[in-house]
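*Asks:* Enclosed is the structure file my_file-v3.tsv (TSV, C-alpha atoms).
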chain	number	residue	atom	x	y	z
A	1	MET	CA	0.00	0.00	0.00
A	2	ARG	CA	1.17	3.54	-0.72
A	3	LEU	CA	-0.27	6.99	-0.30
A	4	GLU	CA	-0.97	8.70	-3.59
A	5	SER	CA	0.03	12.34	-3.95
A	6	SER	CA	-3.42	13.42	-5.11
A	7	GLU	CA	-5.10	11.75	-2.12
A	8	VAL	CA	-2.91	13.27	0.54
A	9	ARG	CA	-3.04	16.74	-1.04
A	10	ILE	CA	-6.85	16.62	-1.08
A	11	PHE	CA	-6.97	15.43	2.55
A	12	HIS	CA	-4.50	18.18	3.55
A	13	ALA	CA	-6.65	20.82	1.87
A	14	VAL	CA	-9.85	19.58	3.55
A	15	ALA	CA	-8.19	19.61	6.95
A	16	ARG	CA	-6.53	22.98	6.38
A	17	PHE	CA	-9.66	24.77	5.08
A	18	GLY	CA	-12.03	23.01	7.46
A	19	GLY	CA	-14.46	21.69	4.87
A	20	PHE	CA	-15.01	19.92	1.57
A	21	ARG	CA	-16.39	22.92	-0.32
A	22	ALA	CA	-13.48	25.26	0.54
A	23	ALA	CA	-10.95	22.53	-0.34
A	24	ALA	CA	-12.69	21.89	-3.65
A	25	THR	CA	-12.54	25.60	-4.50
A	26	ASP	CA	-8.84	25.82	-3.66
A	27	LEU	CA	-7.99	22.68	-5.65
A	28	HIS	CA	-10.26	23.57	-8.58
A	29	LEU	CA	-12.17	20.29	-8.17
A	30	SER	CA	-15.82	19.44	-7.68
A	31	GLN	CA	-17.00	18.90	-4.14
A	32	SER	CA	-18.06	15.36	-4.98
A	33	ALA	CA	-14.55	14.58	-6.32
A	34	VAL	CA	-13.04	15.78	-3.05
A	35	SER	CA	-15.49	13.76	-0.99
A	36	GLN	CA	-14.86	10.64	-3.06
A	37	ALA	CA	-11.06	11.00	-2.67
A	38	ILE	CA	-11.39	11.17	1.12
A	39	LYS	CA	-13.60	8.08	1.15
A	40	GLN	CA	-11.06	6.19	-0.94
A	41	LEU	CA	-8.22	7.23	1.37
A	42	GLU	CA	-10.17	6.16	4.45
A	43	GLY	CA	-10.96	2.86	2.79
A	44	LYS	CA	-7.31	2.29	1.95
A	45	LEU	CA	-6.28	3.02	5.56
A	46	ASP	CA	-9.30	1.14	6.97
A	47	GLN	CA	-10.15	3.88	9.42
A	48	ALA	CA	-11.98	7.18	9.54
A	49	LEU	CA	-9.95	10.33	9.16
A	50	ILE	CA	-12.66	12.99	9.34
A	51	VAL	CA	-15.76	13.39	11.54
A	52	ARG	CA	-18.29	14.93	9.18
A	53	ASP	CA	-19.79	17.51	11.53
A	54	ARG	CA	-20.18	21.25	10.93
A	55	PRO	CA	-17.38	22.15	11.04
A	56	ILE	CA	-15.56	18.95	10.30
A	57	ARG	CA	-13.18	17.46	12.87
A	58	LEU	CA	-10.18	15.22	12.41
A	59	THR	CA	-10.01	11.87	14.13
A	60	ARG	CA	-6.91	10.84	16.04
A	61	ALA	CA	-5.67	9.07	12.89
A	62	GLY	CA	-6.58	12.13	10.81
A	63	ARG	CA	-4.56	14.43	13.06
A	64	ARG	CA	-1.55	12.12	12.86
A	65	LEU	CA	-1.80	11.90	9.08
A	66	TYR	CA	-2.24	15.68	8.77
A	67	ARG	CA	0.93	16.38	10.77
A	68	TYR	CA	2.87	13.97	8.57
A	69	ILE	CA	1.54	15.40	5.28
A	70	ASP	CA	2.00	19.00	6.42
A	71	ASP	CA	5.62	18.30	7.30
A	72	GLN	CA	6.26	16.65	3.94
A	73	LEU	CA	4.62	19.49	2.00
A	74	GLN	CA	6.70	22.07	3.87
A	75	ARG	CA	9.86	20.11	3.02
A	76	GLU	CA	8.75	19.94	-0.60
A	77	HIS	CA	8.08	23.68	-0.69
A	78	SER	CA	11.53	24.38	0.79
A	79	LEU	CA	13.20	22.06	-1.72
A	80	LEU	CA	11.42	23.63	-4.68
A	81	ALA	CA	12.36	27.09	-3.44
A	82	ASP	CA	16.01	26.03	-3.19
A	83	LEU	CA	15.93	24.54	-6.68
A	84	GLU	CA	14.34	27.71	-8.05
A	85	ARG	CA	17.10	29.81	-6.48
A	86	LEU	CA	19.74	27.55	-7.96
A	87	ALA	CA	18.12	27.74	-11.39
A	88	HIS	CA	18.44	31.53	-11.31
A	89	GLY	CA	21.93	31.60	-9.82
A	90	ARG	CA	20.91	32.64	-6.31
A	91	ASP	CA	23.24	31.43	-3.58
A	92	GLN	CA	25.82	30.63	-6.27
A	93	GLN	CA	29.05	32.43	-7.09
A	94	LEU	CA	31.10	32.75	-10.23
A	95	SER	CA	34.75	33.12	-9.24
A	96	VAL	CA	37.27	34.07	-11.94
A	97	SER	CA	40.92	35.08	-11.84
A	98	ILE	CA	41.80	37.29	-14.82
A	99	ASP	CA	44.98	38.93	-16.09
A	100	SER	CA	45.22	42.72	-16.24
A	101	THR	CA	45.22	43.04	-20.04
A	102	THR	CA	42.12	40.89	-20.56
A	103	ASN	CA	40.41	42.61	-17.65
A	104	ARG	CA	41.21	46.06	-19.09
A	105	PHE	CA	39.45	45.37	-22.38
A	106	ALA	CA	36.91	42.65	-21.67
A	107	GLY	CA	36.29	42.28	-17.93
A	108	ALA	CA	33.39	44.73	-17.57
A	109	ASP	CA	31.67	43.58	-20.77
A	110	LEU	CA	31.91	39.91	-19.78
A	111	ILE	CA	30.51	40.51	-16.30
A	112	ALA	CA	27.70	42.68	-17.67
A	113	ALA	CA	26.73	39.96	-20.16
A	114	PHE	CA	26.96	37.28	-17.46
A	115	ALA	CA	24.79	39.32	-15.09
A	116	GLY	CA	22.16	39.51	-17.82
A	117	ARG	CA	22.00	35.72	-17.82
A	118	TRP	CA	22.37	35.21	-14.06
A	119	PRO	CA	20.99	38.38	-12.44
A	120	GLU	CA	20.96	36.94	-8.92
A	121	ALA	CA	24.34	35.19	-8.93
A	122	ARG	CA	27.26	36.54	-6.94
A	123	VAL	CA	30.41	37.39	-8.88
A	124	ARG	CA	34.03	37.43	-7.75
A	125	LEU	CA	36.50	38.69	-10.37
A	126	VAL	CA	40.11	38.97	-9.21
A	127	GLU	CA	42.84	40.59	-11.34
A	128	GLN	CA	46.14	38.74	-10.97
A	129	PRO	CA	49.39	38.08	-12.85
A	130	SER	CA	49.23	35.02	-15.11
A	131	ARG	CA	51.18	32.70	-12.81
A	132	ALA	CA	49.15	33.81	-9.79
A	133	ILE	CA	46.03	32.89	-11.77
A	134	VAL	CA	47.35	29.35	-12.20
A	135	ALA	CA	48.06	29.07	-8.48
A	136	ALA	CA	44.65	30.45	-7.48
A	137	VAL	CA	42.77	27.98	-9.70
A	138	LEU	CA	44.97	25.06	-8.72
A	139	SER	CA	44.44	25.74	-5.01
A	140	GLY	CA	40.67	25.94	-5.47
A	141	GLU	CA	40.51	29.55	-4.28
A	142	LEU	CA	38.96	30.53	-7.62
A	143	GLU	CA	37.14	28.26	-10.06
A	144	LEU	CA	38.17	29.68	-13.44
A	145	GLY	CA	41.31	31.26	-14.83
A	146	LEU	CA	41.19	33.66	-17.78
A	147	GLY	CA	44.54	34.73	-19.15
A	148	PRO	CA	47.72	33.52	-20.86
A	149	PHE	CA	48.46	29.81	-20.62
A	150	GLN	CA	51.70	28.79	-18.95
A	151	THR	CA	54.16	26.16	-20.10
A	152	ARG	CA	52.72	23.36	-17.98
A	153	MET	CA	48.91	23.15	-18.04
A	154	ASP	CA	48.46	19.38	-17.78
A	155	ARG	CA	46.41	19.66	-14.56
A	156	PHE	CA	43.84	21.90	-16.22
A	157	GLU	CA	41.04	21.62	-18.73
A	158	CYS	CA	41.74	24.46	-21.18
A	159	TRP	CA	39.70	26.44	-23.72
A	160	PRO	CA	41.98	28.50	-26.02
A	161	LEU	CA	40.49	31.80	-27.15
A	162	TYR	CA	43.15	33.67	-29.14
A	163	GLU	CA	46.87	34.18	-29.65
A	164	GLU	CA	48.38	37.24	-27.98
A	165	GLU	CA	51.54	39.06	-29.03
A	166	ARG	CA	53.40	41.14	-26.45
A	167	LEU	CA	56.18	43.51	-27.41
A	168	LEU	CA	58.85	45.16	-25.32
A	169	MET	CA	58.00	48.86	-25.56
A	170	ILE	CA	59.62	52.15	-24.67
A	171	SER	CA	58.41	55.71	-24.77
A	172	PRO	CA	60.36	58.06	-27.09
A	173	THR	CA	60.44	60.44	-24.11
A	174	HIS	CA	62.88	58.14	-22.30
A	175	PRO	CA	66.25	59.91	-21.99
A	176	LEU	CA	68.08	56.79	-23.24
A	177	HIS	CA	65.81	56.24	-26.22
A	178	ARG	CA	67.37	56.21	-29.68
A	179	PRO	CA	66.17	54.87	-33.05
A	180	LYS	CA	68.19	51.70	-32.56
A	181	MET	CA	69.18	50.76	-29.06
A	182	SER	CA	71.92	48.44	-27.82
A	183	LEU	CA	71.93	45.78	-25.13
A	184	ALA	CA	74.03	48.13	-23.02
A	185	ASP	CA	71.26	50.72	-23.25
A	186	ILE	CA	68.59	48.20	-22.24
A	187	GLU	CA	70.58	47.05	-19.24
A	188	ARG	CA	70.40	50.57	-17.83
A	189	ILE	CA	66.60	50.80	-18.01
A	190	PRO	CA	64.26	49.23	-15.42
A	191	LEU	CA	61.82	46.61	-16.68
A	192	VAL	CA	58.35	47.03	-15.17
A	193	VAL	CA	56.36	43.79	-14.71
A	194	SER	CA	53.24	42.65	-12.89
A	195	SER	CA	55.04	39.85	-11.07
A	196	LEU	CA	58.27	37.88	-10.91
A	197	ASP	CA	58.58	34.15	-11.43
A	198	GLU	CA	60.84	31.89	-9.45
A	199	PRO	CA	64.01	31.08	-11.43
A	200	ASP	CA	62.96	27.47	-12.06
A	201	GLN	CA	59.56	28.60	-13.33
A	202	ARG	CA	60.69	31.00	-16.03
A	203	PRO	CA	58.52	30.23	-19.02
A	204	TYR	CA	60.82	31.65	-21.68
A	205	GLN	CA	64.12	30.19	-22.72
A	206	ASP	CA	65.84	33.56	-22.94
A	207	LYS	CA	65.23	34.26	-19.22
A	208	LEU	CA	64.03	37.73	-20.03
A	209	ARG	CA	64.49	39.33	-16.67
A	210	ASP	CA	68.21	38.55	-16.77
A	211	ARG	CA	68.49	41.11	-19.58
A	212	PHE	CA	67.79	43.91	-17.10
A	213	ARG	CA	69.70	45.06	-14.07
A	214	MET	CA	66.60	46.40	-12.33
A	215	ILE	CA	63.05	44.98	-12.16
A	216	TRP	CA	60.08	46.95	-10.89
A	217	GLN	CA	57.20	44.74	-9.81
A	218	ILE	CA	54.00	46.78	-10.12
A	219	SER	CA	50.63	45.00	-9.95
A	220	SER	CA	48.61	47.94	-11.34
A	221	LEU	CA	48.43	48.03	-15.13
A	222	ASN	CA	47.71	51.76	-15.16
A	223	VAL	CA	50.79	52.49	-13.04
A	224	ARG	CA	52.97	50.35	-15.31
A	225	LEU	CA	51.72	52.22	-18.37
A	226	ASP	CA	52.28	55.55	-16.66
A	227	LEU	CA	55.87	54.68	-15.73
A	228	ILE	CA	56.65	53.72	-19.32
A	229	ASP	CA	54.90	56.84	-20.63
A	230	ARG	CA	56.97	59.05	-18.32
A	231	GLY	CA	60.18	57.62	-19.72
A	232	LEU	CA	61.12	55.79	-16.53
A	233	ALA	CA	60.92	52.13	-17.60
A	234	VAL	CA	60.23	49.68	-20.40
A	235	GLY	CA	57.66	46.89	-20.37
A	236	TYR	CA	55.98	44.14	-22.34
A	237	LEU	CA	52.58	45.23	-23.65
A	238	SER	CA	50.09	43.43	-25.85
A	239	THR	CA	49.65	44.70	-29.40
A	240	GLU	CA	45.89	44.81	-28.70
A	241	MET	CA	46.52	47.26	-25.88
A	242	ALA	CA	48.70	49.44	-28.05
A	243	ARG	CA	46.00	49.44	-30.72
A	244	GLN	CA	43.12	50.35	-28.41
A	245	LEU	CA	44.73	52.85	-26.04
A	246	PRO	CA	45.47	56.20	-27.72
A	247	ARG	CA	47.63	57.28	-24.79
A	248	ILE	CA	50.32	54.70	-25.62
A	249	ARG	CA	50.22	54.66	-29.42
A	250	HIS	CA	53.42	56.66	-29.48
A	251	PHE	CA	55.29	53.86	-27.69
A	252	ARG	CA	57.91	52.13	-29.82
A	253	ALA	CA	58.41	48.38	-29.91
A	254	LEU	CA	62.08	47.49	-29.48
A	255	ARG	CA	62.09	45.11	-32.43
A	256	GLU	CA	65.87	45.36	-32.74
A	257	PHE	CA	66.12	42.73	-29.98
A	258	ASP	CA	65.22	39.08	-30.50
A	259	PHE	CA	63.71	38.90	-27.00
A	260	ALA	CA	61.37	41.85	-27.59
A	261	ARG	CA	58.50	39.68	-28.87
A	262	ILE	CA	56.50	37.09	-26.90
A	263	GLU	CA	53.61	35.04	-28.25
A	264	ARG	CA	51.20	33.49	-25.81
A	265	GLN	CA	47.93	31.58	-25.97
A	266	VAL	CA	45.13	33.23	-24.03
A	267	GLY	CA	42.13	31.29	-22.81
A	268	LEU	CA	40.11	29.83	-19.96
A	269	TYR	CA	40.91	26.92	-17.72
A	270	HIS	CA	39.78	25.07	-14.60
A	271	ARG	CA	41.08	22.13	-12.61
A	272	ARG	CA	40.82	18.92	-14.59
A	273	ASP	CA	39.70	16.92	-11.56
A	274	ARG	CA	36.71	19.17	-10.84
A	275	ASP	CA	33.62	19.57	-12.99
A	276	PRO	CA	32.80	23.25	-13.62
A	277	SER	CA	29.64	24.65	-12.06
A	278	ALA	CA	26.67	25.67	-14.20
A	279	LEU	CA	27.74	29.31	-13.79
A	280	ALA	CA	31.29	28.52	-14.87
A	281	ARG	CA	30.11	26.54	-17.93
A	282	ASP	CA	27.93	29.45	-18.99
A	283	PHE	CA	30.77	31.94	-18.49
A	284	ILE	CA	33.08	29.75	-20.57
A	285	GLU	CA	30.56	29.73	-23.40
A	286	LEU	CA	30.09	33.48	-23.06
A	287	CYS	CA	33.86	34.05	-23.37
A	288	ARG	CA	34.07	31.74	-26.38
A	289	GLN	CA	31.33	33.75	-28.07
A	290	ARG	CA	32.82	37.16	-27.31
A	291	LEU	CA	36.59	36.66	-27.16
A	292	ALA	CA	37.48	33.78	-29.47
A	293	ARG	CA	39.19	34.98	-32.63
A	294	THR	CA	40.27	33.13	-35.74
A	295	GLU	CA	43.51	34.37	-37.22
Starting from the file, lay out its structure as structure tokens.
*Replies:*
Amino acid sequence: MRLESSEVRIFHAVARFGGFRAAATDLHLSQSAVSQAIKQLEGKLDQALIVRDRPIRLTRAGRRLYRYIDDQLQREHSLLADLERLAHGRDQQLSVSIDSTTNRFAGADLIAAFAGRWPEARVRLVEQPSRAIVAAVLSGELELGLGPFQTRMDRFECWPLYEEERLLMISPTHPLHRPKMSLADIERIPLVVSSLDEPDQRPYQDKLRDRFRMIWQISSLNVRLDLIDRGLAVGYLSTEMARQLPRIRHFRALREFDFARIERQVGLYHRRDRDPSALARDFIELCRQRLARTE
């Protein structure tokens, strides 16, 4: 024997509204259909549940059954409310670590588009250097990484978006600038970077930072650009940045050096041993739609 959902819901309504007619109105059923359902339920349980007075009264068995059904319906209501919140992103968080260049040109647009899809989801977007992004995703602090891939990405599931070219640039206002510079000149100029790698983690064979006597580690992209613009340092900047920012279009790429050009793959990634959340999957698709470029 089992209790059918329709039977217990009808009994609950009769008990809650105190009568067959009011229950029938609430359930959009005929009064006879409600009465017949109660009779069938009583027959199945082999005992009376309702004393048919005016107003009706519940028997001892009816009161016990009502408490059970009411508890189950409240649990069901709570579950459905939780599922509805999850479906709309409530109580969920998208957490993304992003590099400064991608954040400068795409961060706000991506979050605005994501918010349009998940208006009630919480968002955590953290700007970090590319190697810090890898560490944050690997540790589980943040779910997604968006930025340049590193040399070893075997522990991540990756979605390439586009190839990025970064050039070593100098402002013509720098006192040491000349149309063609020498290695001796470069050694006298600070290199401004977002972060420094450990020696055994240097991703480039040329060990770029060894070309410079002084390294300035500045996390803020705007400060790095300003230092280069003032003729105080040189730095690696993406060609996309140089194209889109009028304030640095006068910068010159130091193409006379073989280490002045870096190509990197930019994309998204998450830990291979963890399935991405629904929010993360949607953000990945959003980035693929808006950022992926074919050369």
*Asks:* Could you check how far CA of Val126 (chain A) sits from CA of Asp154 (chain A), in Å to one decimal?
*Replies:* 23.0 Å
*Asks:* Nearest residue to Pro246 (chain A) out of A:Leu225, A:Ala136, A:Arg152, A:Arg272, using only C-alpha atoms?
*Replies:* A:Leu225
*Asks:* Can you measure CA of Arg255 (chain A) to CA of Thr151 (chain A) for me? One decimal in Å is fine.
*Replies:*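 So the two atoms, CA of Arg255 (chain A) and CA of Thr151 (chain A), lie 24.0 Å apart.
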*Asks:* A:Ile111, A:Glu143, A:Ser219, A:Phe156: which is nearest Glu127 (chain A), counting all atoms listed in the file?
*Replies:*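 Ranked by minimum distance to Glu127 (chain A), first place goes to A:Ser219.
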*Asks:* Provide the CA of Gly116 (chain A) to CA of Arg288 (chain A) distance in Å, to one decimal place.
*Replies:* 16.6 Å
*Asks:* With distances taken over all atoms listed in the file, which of A:Arg75, A:Arg63, A:Arg293, A:Arg271 is nearest to Cys158 (chain A)?
*Replies:*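 Comparing A:Arg75, A:Arg63, A:Arg293, A:Arg271 against Cys158 (chain A), the winner is A:Arg271.
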*Asks:* Residues near Arg52 (chain A), anyone? I mean within 12 Å using all atoms listed in the file, not counting same-chain ones fewer than 4 positions away, as a list in words.
*Replies:* Val14, Ala15, Gly18, Gly19, Phe20, Ser35, Ile38, Lys39, Ala48, Ile56, Arg57, Leu58 and Thr59 of chain A
*Asks:* Kindly indicate which residue among A:Glu187, A:Asp275, A:Asp258, A:Glu263 lies nearest to Asp210 (chain A), using all atoms listed in the file for the distances.
*Replies:*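 Closest to Asp210 (chain A), using all atoms listed in the file: A:Glu187.
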*Asks:* Nearest to Tyr236 (chain A) among A:Pro55, A:Arg166, A:Arg131, A:Leu279, with distances taken over only C-alpha atoms: which residue is it?
*Replies:*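 Of all the options, A:Arg166 lies closest to Tyr236 (chain A).
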*Asks:* When you look at Glu165 (chain A) with a cut-off of 8 Å (counting all atoms listed in the file), what residues show up, excluding the ones that are within fewer than 6 positions of it in the same chain? I need them as a PyMOL selection string.
*Replies:* chain A and resi 238-239+261-264
*Asks:* Which of these residues is nearest to Tyr162 (chain A), using all atoms listed in the file: A:Ala253, A:Leu176, A:Ala184, A:Leu146?
*Replies:*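 Comparing A:Ala253, A:Leu176, A:Ala184, A:Leu146 against Tyr162 (chain A), the winner is A:Leu146.
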*Asks:* What's around Ser182 (chain A) at 12 Å? Count all atoms listed in the file, leave out sequence neighbours fewer than 2 positions away in its own chain, and write the answer as an mmCIF file with C-alpha atoms, in the frame of the given file.
*Replies:*
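Okay, result-v2.cif is ready:
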data_model
loop_
_atom_site.group_PDB
_atom_site.id
_atom_site.type_symbol
_atom_site.label_atom_id
_atom_site.label_comp_id
_atom_site.auth_asym_id
_atom_site.auth_seq_id
_atom_site.Cartn_x
_atom_site.Cartn_y
_atom_site.Cartn_z
ATOM 1 C CA LEU A 176 68.080 56.790 -23.240
ATOM 2 C CA HIS A 177 65.810 56.240 -26.220
ATOM 3 C CA ARG A 178 67.370 56.210 -29.680
ATOM 4 C CA PRO A 179 66.170 54.870 -33.050
ATOM 5 C CA LYS A 180 68.190 51.700 -32.560
ATOM 6 C CA ALA A 184 74.030 48.130 -23.020
ATOM 7 C CA ASP A 185 71.260 50.720 -23.250
ATOM 8 C CA ILE A 186 68.590 48.200 -22.240
ATOM 9 C CA GLU A 187 70.580 47.050 -19.240
ATOM 10 C CA ARG A 188 70.400 50.570 -17.830
ATOM 11 C CA ILE A 189 66.600 50.800 -18.010
ATOM 12 C CA ARG A 211 68.490 41.110 -19.580
ATOM 13 C CA LEU A 254 62.080 47.490 -29.480
ATOM 14 C CA ARG A 255 62.090 45.110 -32.430
ATOM 15 C CA GLU A 256 65.870 45.360 -32.740
ATOM 16 C CA PHE A 257 66.120 42.730 -29.980
ATOM 17 C CA ASP A 258 65.220 39.080 -30.500
#
*Asks:* Quick one: everything within 6 Å of Val234 (chain A), counting all atoms listed in the file, minus sequence neighbours fewer than 6 positions away in the same chain. Send it as a short mmCIF file (atom, residue, chain, number, x, y, z; two decimals) with C-alpha atoms, in the frame of the given file.
*Replies:*
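Below is the file result.cif, written as the result:
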data_model
loop_
_atom_site.label_atom_id
_atom_site.label_comp_id
_atom_site.auth_asym_id
_atom_site.auth_seq_id
_atom_site.Cartn_x
_atom_site.Cartn_y
_atom_site.Cartn_z
CA MET A 169 58.00 48.86 -25.56
CA ILE A 170 59.62 52.15 -24.67
CA LEU A 191 61.82 46.61 -16.68
CA ILE A 228 56.65 53.72 -19.32
#
*Asks:* So that I can check the surroundings of Ser220 (chain A), please list as JSON, numbers by chain every protein, DNA and RNA residue that reaches within 12 Å of it, counting all atoms listed in the file and ignoring chain neighbours fewer than 5 positions away.
*Replies:* {"A": [99, 100, 101, 103, 104, 127, 128, 129, 192, 193, 194, 195, 225, 226, 227]}
